Each structure stands twice: as C-alpha cells, then as structure tokens.
Amino acid sequence: MTDLLLKNKKNVNLKGKDFLTLAELSSEEILFLLDEANQLKQMQKSGIPHPYLNGKVLGMIFEKSSTRTRVSFEVGMYQLGGQALFLSNKDIQLGRGETIHDTAKVLSRYVDGLMIRTFSHSTVEEFAEHATVPVINGLTDLHHPTQVMADLQTIYEHKGKLQGLKMCFIGDGNNNMTHSLIEGAVKVGMDIAVASPEGYMPNKEIVKNAQAVANYTGSTIQIGVDPVEMIQDADVVVTDVFTSMGLEDEAEERLKIFAPYQVNEELCNYAKEDYIFLHCLPAHREEEVTSSIIDGPHSVVFDEAENRLHAQKAILKNLL
Ligand code: CP
Ligand code: NVA
C-alpha cells in the first residue's frame, strides 16, 4: 500500500491479543493490518502459498446466521494452512446452557483461536476473559469490527487514501456497523457523518470515546437526522439493513421509520461525483438502497465482500 501504511509497520505485535472492537486497536495496528491484508491479497492472487498458520485451528461459534463471515473465515484459515471448525450454538452444549466460562476454557484446550458471532457484546467479552486463546468478534449487536477492516481496505483500494476522506452512513445509527464504522473512521483520520432517525442514533458512549480519538487524529464526527445534510460531499456512502438480526419483531415498524433514509439516486446527488457505495450485505434492494445504487457504477460491494477474506487473514495471521 502507500508509504503511510508501510510506515506504520514497525512495532506492531498482536500475537495472542483479542479482536473485539476497533476502539481497542491503535491507529498504527489498524494500518498495519490493512497493509498485511493487501500483501496477503496479492499473494493469493499471484498463487503464492502463504501457510503462516500451518497446523492451527480456529473454532467459530455462530449464534446468528452468516454467509460471508463463515465462509471467509473458513476459507481464510484454509489458505493460511490451518483449519476452521464451524460450531453452531444449536449443536454445541453452549446452546443447552453450558456456561461461557466452561466453554471458553474447554475450547481453548483444543483450538488456537476463537471467532464468535453472537447477540450481546458482553458474550464475546466474557469469552475473551476466560479463553486462553485469542477471541475475534465476528459480529455482536454492538460491533462488527472485521467487516469494517474489509471496508477500510476497500476504500483504500478505490480512493488511494483514508485520511481526510468523508464517509457518510445513512440508516440505523444504533447498529453494529455504524458503531464499528465510527470507531474505525476516527482511527484512520476519516471524517464520519451519520444520518439516522431520532431514537436510532449511535450509542452515546461509543461516540464520546470516538470523539476523544478524533480530537487526536483530526477526524470529525457529525450526527444528525437529515440525510441530505449528512451526505454532502461524501467520498464514501454506506448503509446497512434497517432491521438487524435479532430485531425481526420490529421489521414492519422500522420499514416506515427508515423510509426517508433510503440510499437512492436523488440522495446520492449530494455526495461527491466520484463517491463509492458500500454495504456489508446482505442487502434488501428497494428498502435501505435502490437497485440502481447497489448495482450501479459507484457500488463496490462485491470488492468489499471479497476483502473480508483478505482483511481477516491478516487478523488471523497476526493474532494466532
Ligand atoms: N456482512 C456480513 O457479516 O455478512 P454475513 O452475515 O453473511 O456473515
Ligand atoms: N447490521 C446487520 C449486519 C449484518 C452483517 C445485522 O446485524 O444484521
């Protein structure tokens, strides 16, 4: 990647660490991992073997559905010379009430790392507390940090920089994606603007802590209810589903509340002419985004999905 990223390669050692939120990583660590992700991508594209995790095993606990996270972690471990175990909570004793404490301790005796997708963020924190191997957050209700690593990699690839860009998130401000985007943006010096309806604003504590980082990195954080105001001159436009996993009971109500927050041609006219559009997927066309945008010339959603693989391989290589 650029000098900026390469400069940050020194003094980063993530061996044995957990990966729960982007707030817990330094700017240097994030840039280092992005550079590693880029290198691993080049190696994979050129057919150069890179078995850094030969013989290592990742346990993957899923309490929610997944396509990208499951497949990219599994394929990533395979490409790194290791293996991944898919552990559905429907099948393991955790789903029948075995404690997180015991599950974390037992699995740590078998595997070299654990990836967990769950509901409450405190569940991954509890796993991390009791596991003796690194724990990676594969999505909680509050954060989705591995997705945002892929997002940053994608933005970098398309824009050639991160610092100084403006990212705008339109939609549910109080979800995992928004929180991780805010935390990630301020670490890399990007400005972030969030447009959400009243009552669906980002978590105050997360914003407060991100603002402290922003004061240091020079980022700005804007939060408001008006999508037109927030999207002005954005380089990167991002949205996510109106109803995240676990909130299905609210789906009908949310459809109405979030209707004015659809990312469509009219709204995107206010972004920069060369803006890129990101969505972590799965998407609901004609709800949070029109087909004309997600399938249009500004959309980079499939590069973004692909980069899950490369960004996570960088995380796995360095933690395990
Ligand atoms: N973006 C994402 O995390 O996708 P999955 O739910 O398919 O893993
Ligand atoms: N916010 C979405 C992200 C899915 C990858 C959800 O939690 O369902």
# chains A, B, ... in the order shown; residues from 1 in each chain; ligands from 1
call {"tool": "residues_around", "arguments": {"residues": "stretch 265-267 of chain A", "least_positions_apart": "4", "cutoff": "10 Å", "atoms": "only C-alpha atoms", "output": "number ranges by chain"}}
result
A: 227-229, 231-232, 260-261, 271, 289-293, 296
call {"tool": "write_last_selection", "arguments": {"atoms": "N, CA, C and O atoms", "output": "PDB file, in the first residue's frame"}}
result
ATOM      1  N   PRO A 227     -30.570  13.248   6.088  1.00  0.00           N
ATOM      2  CA  PRO A 227     -29.631  12.545   5.203  1.00  0.00           C
ATOM      3  C   PRO A 227     -28.976  13.473   4.177  1.00  0.00           C
ATOM      4  O   PRO A 227     -27.789  13.322   3.883  1.00  0.00           O
ATOM      5  N   VAL A 228     -29.742  14.452   3.675  1.00  0.00           N
ATOM      6  CA  VAL A 228     -29.193  15.364   2.659  1.00  0.00           C
ATOM      7  C   VAL A 228     -28.042  16.183   3.255  1.00  0.00           C
ATOM      8  O   VAL A 228     -26.991  16.357   2.638  1.00  0.00           O
ATOM      9  N   GLU A 229     -28.240  16.623   4.477  1.00  0.00           N
ATOM     10  CA  GLU A 229     -27.192  17.405   5.140  1.00  0.00           C
ATOM     11  C   GLU A 229     -25.941  16.548   5.406  1.00  0.00           C
ATOM     12  O   GLU A 229     -24.820  16.974   5.163  1.00  0.00           O
ATOM     13  N   ILE A 231     -24.899  13.750   3.934  1.00  0.00           N
ATOM     14  CA  ILE A 231     -24.228  13.134   2.780  1.00  0.00           C
ATOM     15  C   ILE A 231     -23.447  14.150   1.931  1.00  0.00           C
ATOM     16  O   ILE A 231     -22.656  13.738   1.059  1.00  0.00           O
ATOM     17  N   GLN A 232     -23.626  15.439   2.216  1.00  0.00           N
ATOM     18  CA  GLN A 232     -22.956  16.485   1.417  1.00  0.00           C
ATOM     19  C   GLN A 232     -21.483  16.161   1.212  1.00  0.00           C
ATOM     20  O   GLN A 232     -20.740  16.007   2.176  1.00  0.00           O
ATOM     21  N   PRO A 260     -37.494   7.369   4.861  1.00  0.00           N
ATOM     22  CA  PRO A 260     -36.795   8.570   4.343  1.00  0.00           C
ATOM     23  C   PRO A 260     -35.270   8.413   4.307  1.00  0.00           C
ATOM     24  O   PRO A 260     -34.571   9.328   3.865  1.00  0.00           O
ATOM     25  N   TYR A 261     -34.777   7.295   4.788  1.00  0.00           N
ATOM     26  CA  TYR A 261     -33.317   7.084   4.859  1.00  0.00           C
ATOM     27  C   TYR A 261     -32.827   6.101   3.791  1.00  0.00           C
ATOM     28  O   TYR A 261     -31.752   5.540   3.902  1.00  0.00           O
ATOM     29  N   ALA A 271     -23.708  13.623  -2.749  1.00  0.00           N
ATOM     30  CA  ALA A 271     -22.365  13.119  -2.429  1.00  0.00           C
ATOM     31  C   ALA A 271     -21.404  13.616  -3.509  1.00  0.00           C
ATOM     32  O   ALA A 271     -21.835  14.219  -4.499  1.00  0.00           O
ATOM     33  N   VAL A 289     -31.615   0.551   0.176  1.00  0.00           N
ATOM     34  CA  VAL A 289     -30.886   1.026  -1.004  1.00  0.00           C
ATOM     35  C   VAL A 289     -31.622   0.595  -2.261  1.00  0.00           C
ATOM     36  O   VAL A 289     -32.203  -0.498  -2.300  1.00  0.00           O
ATOM     37  N   THR A 290     -31.602   1.449  -3.271  1.00  0.00           N
ATOM     38  CA  THR A 290     -32.234   1.070  -4.535  1.00  0.00           C
ATOM     39  C   THR A 290     -31.274   0.191  -5.335  1.00  0.00           C
ATOM     40  O   THR A 290     -30.050   0.277  -5.173  1.00  0.00           O
ATOM     41  N   SER A 291     -31.847  -0.610  -6.233  1.00  0.00           N
ATOM     42  CA  SER A 291     -31.009  -1.437  -7.117  1.00  0.00           C
ATOM     43  C   SER A 291     -30.102  -0.548  -7.950  1.00  0.00           C
ATOM     44  O   SER A 291     -28.962  -0.908  -8.238  1.00  0.00           O
ATOM     45  N   SER A 292     -30.617   0.615  -8.330  1.00  0.00           N
ATOM     46  CA  SER A 292     -29.830   1.495  -9.205  1.00  0.00           C
ATOM     47  C   SER A 292     -28.525   1.899  -8.518  1.00  0.00           C
ATOM     48  O   SER A 292     -27.517   2.101  -9.185  1.00  0.00           O
ATOM     49  N   ILE A 293     -28.517   1.989  -7.201  1.00  0.00           N
ATOM     50  CA  ILE A 293     -27.281   2.352  -6.485  1.00  0.00           C
ATOM     51  C   ILE A 293     -26.433   1.110  -6.208  1.00  0.00           C
ATOM     52  O   ILE A 293     -25.249   1.065  -6.546  1.00  0.00           O
ATOM     53  N   GLY A 296     -25.221  -0.232  -9.311  1.00  0.00           N
ATOM     54  CA  GLY A 296     -24.776   0.825 -10.223  1.00  0.00           C
ATOM     55  C   GLY A 296     -23.270   1.027 -10.230  1.00  0.00           C
ATOM     56  O   GLY A 296     -22.527   0.312  -9.540  1.00  0.00           O
TER      57      GLY A 296
END
call {"tool": "residues_near_ligand", "arguments": {"ligand": "ligand 2", "cutoff": "7 Å", "atoms": "only C-alpha atoms and all ligand atoms", "output": "CSV table (one decimal) with N, CA and C atoms, in the first residue's frame"}}
result
chain,number,residue,atom,x,y,z
A,141,ASP,N,-24.4,-7.4,18.7
A,141,ASP,CA,-25.4,-6.4,18.4
A,141,ASP,C,-24.7,-5.0,18.4
A,175,ASN,N,-26.7,0.6,15.2
A,175,ASN,CA,-26.4,-0.8,15.0
A,175,ASN,C,-24.9,-1.1,15.0
A,176,ASN,N,-24.6,-2.4,14.9
A,176,ASN,CA,-23.2,-2.8,14.9
A,176,ASN,C,-22.3,-2.2,13.9
A,177,MET,N,-22.8,-2.0,12.6
A,177,MET,CA,-22.0,-1.5,11.6
A,177,MET,C,-21.7,0.0,11.8
A,240,ASP,N,-26.8,0.0,5.7
A,240,ASP,CA,-27.0,-1.3,6.2
A,240,ASP,C,-28.5,-1.6,6.3
A,241,VAL,N,-28.9,-2.8,6.5
A,241,VAL,CA,-30.3,-3.2,6.7
A,241,VAL,C,-30.9,-2.3,7.7
A,243,THR,N,-33.3,-3.5,9.6
A,243,THR,CA,-33.6,-4.4,10.7
A,243,THR,C,-32.5,-5.4,10.8
A,244,SER,N,-31.7,-5.2,11.9
A,244,SER,CA,-30.6,-6.1,12.1
A,244,SER,C,-31.0,-7.4,12.7
A,245,MET,N,-30.2,-8.4,12.6
A,245,MET,CA,-30.5,-9.8,13.1
A,245,MET,C,-30.9,-9.7,14.6
A,280,CYS,N,-22.4,-3.8,3.8
A,280,CYS,CA,-21.8,-5.0,4.3
A,280,CYS,C,-22.4,-6.3,3.8
A,281,LEU,N,-23.7,-6.1,3.3
A,281,LEU,CA,-24.5,-7.2,2.8
A,281,LEU,C,-24.8,-8.2,4.0
A,282,PRO,N,-25.9,-8.9,4.0
A,282,PRO,CA,-26.9,-9.0,3.0
A,282,PRO,C,-27.7,-7.7,2.9
call {"tool": "select_by_dssp", "arguments": {"residues": "stretch 68-303 of chain A", "states": "alpha helix (DSSP H)", "output": "VMD selection string"}}
result
chain A and resid 68 to 79 100 to 108 121 to 130 145 to 159 176 to 187 204 to 217 227 to 231 251 to 257 265 to 268 291 to 294 301 to 303
call {"tool": "write_last_selection", "arguments": {"atoms": "C-alpha atoms", "output": "CSV table (one decimal), in the first residue's frame"}}
result
chain,number,residue,atom,x,y,z
A,68,ARG,CA,-19.7,-14.0,4.3
A,69,THR,CA,-18.2,-14.3,7.8
A,70,ARG,CA,-18.5,-18.0,8.0
A,71,VAL,CA,-17.1,-18.7,4.5
A,72,SER,CA,-14.4,-16.0,4.5
A,73,PHE,CA,-13.0,-17.1,7.9
A,74,GLU,CA,-13.1,-20.8,6.9
A,75,VAL,CA,-11.5,-20.3,3.5
A,76,GLY,CA,-9.0,-17.8,5.1
A,77,MET,CA,-7.8,-20.4,7.6
A,78,TYR,CA,-7.5,-23.0,4.8
A,79,GLN,CA,-5.5,-20.7,2.6
A,100,ILE,CA,-19.4,-19.3,28.6
A,101,HIS,CA,-16.8,-19.8,31.3
A,102,ASP,CA,-16.5,-23.5,30.8
A,103,THR,CA,-17.0,-23.4,27.0
A,104,ALA,CA,-14.2,-20.9,26.7
A,105,LYS,CA,-11.8,-22.8,28.9
A,106,VAL,CA,-12.5,-26.2,27.2
A,107,LEU,CA,-12.3,-24.9,23.6
A,108,SER,CA,-9.0,-23.1,24.5
A,121,HIS,CA,-21.4,-7.8,23.1
A,122,SER,CA,-20.8,-8.9,26.7
A,123,THR,CA,-20.8,-12.5,25.5
A,124,VAL,CA,-17.7,-12.0,23.4
A,125,GLU,CA,-16.1,-10.1,26.3
A,126,GLU,CA,-16.9,-13.0,28.6
A,127,PHE,CA,-15.4,-15.4,26.2
A,128,ALA,CA,-12.3,-13.3,25.9
A,129,GLU,CA,-12.0,-13.1,29.7
A,130,HIS,CA,-12.0,-16.8,30.1
A,145,PRO,CA,-15.1,-4.9,13.5
A,146,THR,CA,-13.9,-7.5,11.0
A,147,GLN,CA,-16.4,-6.1,8.4
A,148,VAL,CA,-15.1,-2.6,8.9
A,149,MET,CA,-11.5,-3.7,8.4
A,150,ALA,CA,-12.6,-5.0,5.0
A,151,ASP,CA,-14.5,-1.7,4.4
A,152,LEU,CA,-11.3,0.3,5.1
A,153,GLN,CA,-9.3,-1.9,2.8
A,154,THR,CA,-11.9,-1.4,0.1
A,155,ILE,CA,-12.0,2.3,0.5
A,156,TYR,CA,-8.2,2.4,0.4
A,157,GLU,CA,-8.1,0.4,-2.8
A,158,HIS,CA,-10.6,2.7,-4.6
A,159,LYS,CA,-9.5,6.0,-3.2
A,176,ASN,CA,-23.2,-2.8,14.9
A,177,MET,CA,-22.0,-1.5,11.6
A,178,THR,CA,-22.4,2.2,12.5
A,179,HIS,CA,-20.5,1.8,15.7
A,180,SER,CA,-17.6,0.0,14.1
A,181,LEU,CA,-17.5,2.5,11.2
A,182,ILE,CA,-17.4,5.4,13.6
A,183,GLU,CA,-14.6,3.7,15.6
A,184,GLY,CA,-12.7,2.7,12.5
A,185,ALA,CA,-13.0,6.1,10.7
A,186,VAL,CA,-11.7,8.2,13.6
A,187,LYS,CA,-8.7,5.8,14.0
A,204,LYS,CA,-23.5,7.8,23.1
A,205,GLU,CA,-20.6,6.2,24.9
A,206,ILE,CA,-19.1,4.9,21.7
A,207,VAL,CA,-19.4,8.4,20.1
A,208,LYS,CA,-17.9,10.0,23.2
A,209,ASN,CA,-14.9,7.8,23.1
A,210,ALA,CA,-14.6,8.1,19.3
A,211,GLN,CA,-14.7,11.9,19.7
A,212,ALA,CA,-11.7,11.7,22.0
A,213,VAL,CA,-9.8,9.8,19.3
A,214,ALA,CA,-11.0,12.2,16.6
A,215,ASN,CA,-9.6,15.1,18.6
A,216,TYR,CA,-6.2,13.5,18.3
A,217,THR,CA,-6.4,12.2,14.7
A,227,PRO,CA,-29.6,12.5,5.2
A,228,VAL,CA,-29.2,15.4,2.7
A,229,GLU,CA,-27.2,17.4,5.1
A,230,MET,CA,-25.0,14.5,6.2
A,231,ILE,CA,-24.2,13.1,2.8
A,251,ALA,CA,-39.2,-5.0,11.0
A,252,GLU,CA,-42.6,-3.6,9.9
A,253,GLU,CA,-42.3,-0.5,12.1
A,254,ARG,CA,-38.7,0.1,11.0
A,255,LEU,CA,-39.7,0.0,7.4
A,256,LYS,CA,-41.9,3.0,7.9
A,257,ILE,CA,-39.5,4.9,10.2
A,265,GLU,CA,-30.1,8.4,-6.8
A,266,GLU,CA,-31.7,11.5,-5.5
A,267,LEU,CA,-29.9,11.4,-2.2
A,268,CYS,CA,-26.5,10.4,-3.8
A,291,SER,CA,-31.0,-1.4,-7.1
A,292,SER,CA,-29.8,1.5,-9.2
A,293,ILE,CA,-27.3,2.4,-6.5
A,294,ILE,CA,-26.2,-1.1,-5.2
A,301,VAL,CA,-20.0,-4.0,-2.5
A,302,PHE,CA,-18.5,-7.2,-4.0
A,303,ASP,CA,-14.9,-5.9,-3.6
call {"tool": "atom_distance", "arguments": {"atom1": "atom CA of A:Val300", "atom2": "atom CA of A:Val236"}}
result
10.2 Å
call {"tool": "residues_around", "arguments": {"residues": "A:His310", "least_positions_apart": "3", "cutoff": "8 Å", "atoms": "only C-alpha atoms", "output": "ChimeraX atom specification"}}
result
/A:37-38,40-41,76,150,306-307,313-314
call {"tool": "residues_around", "arguments": {"residues": "A:Leu114", "least_positions_apart": "3", "cutoff": "7 Å", "atoms": "only C-alpha atoms", "output": "list in words"}}
result
Leu58, Gly59, Met60, Pro134, Val135 and Ile136 of chain A
call {"tool": "closest_residue", "arguments": {"among": "A:Lys45, A:Lys317, A:Lys15, A:Arg117", "to": "ligand 1", "atoms": "only C-alpha atoms and all ligand atoms"}}
result
A:Arg117
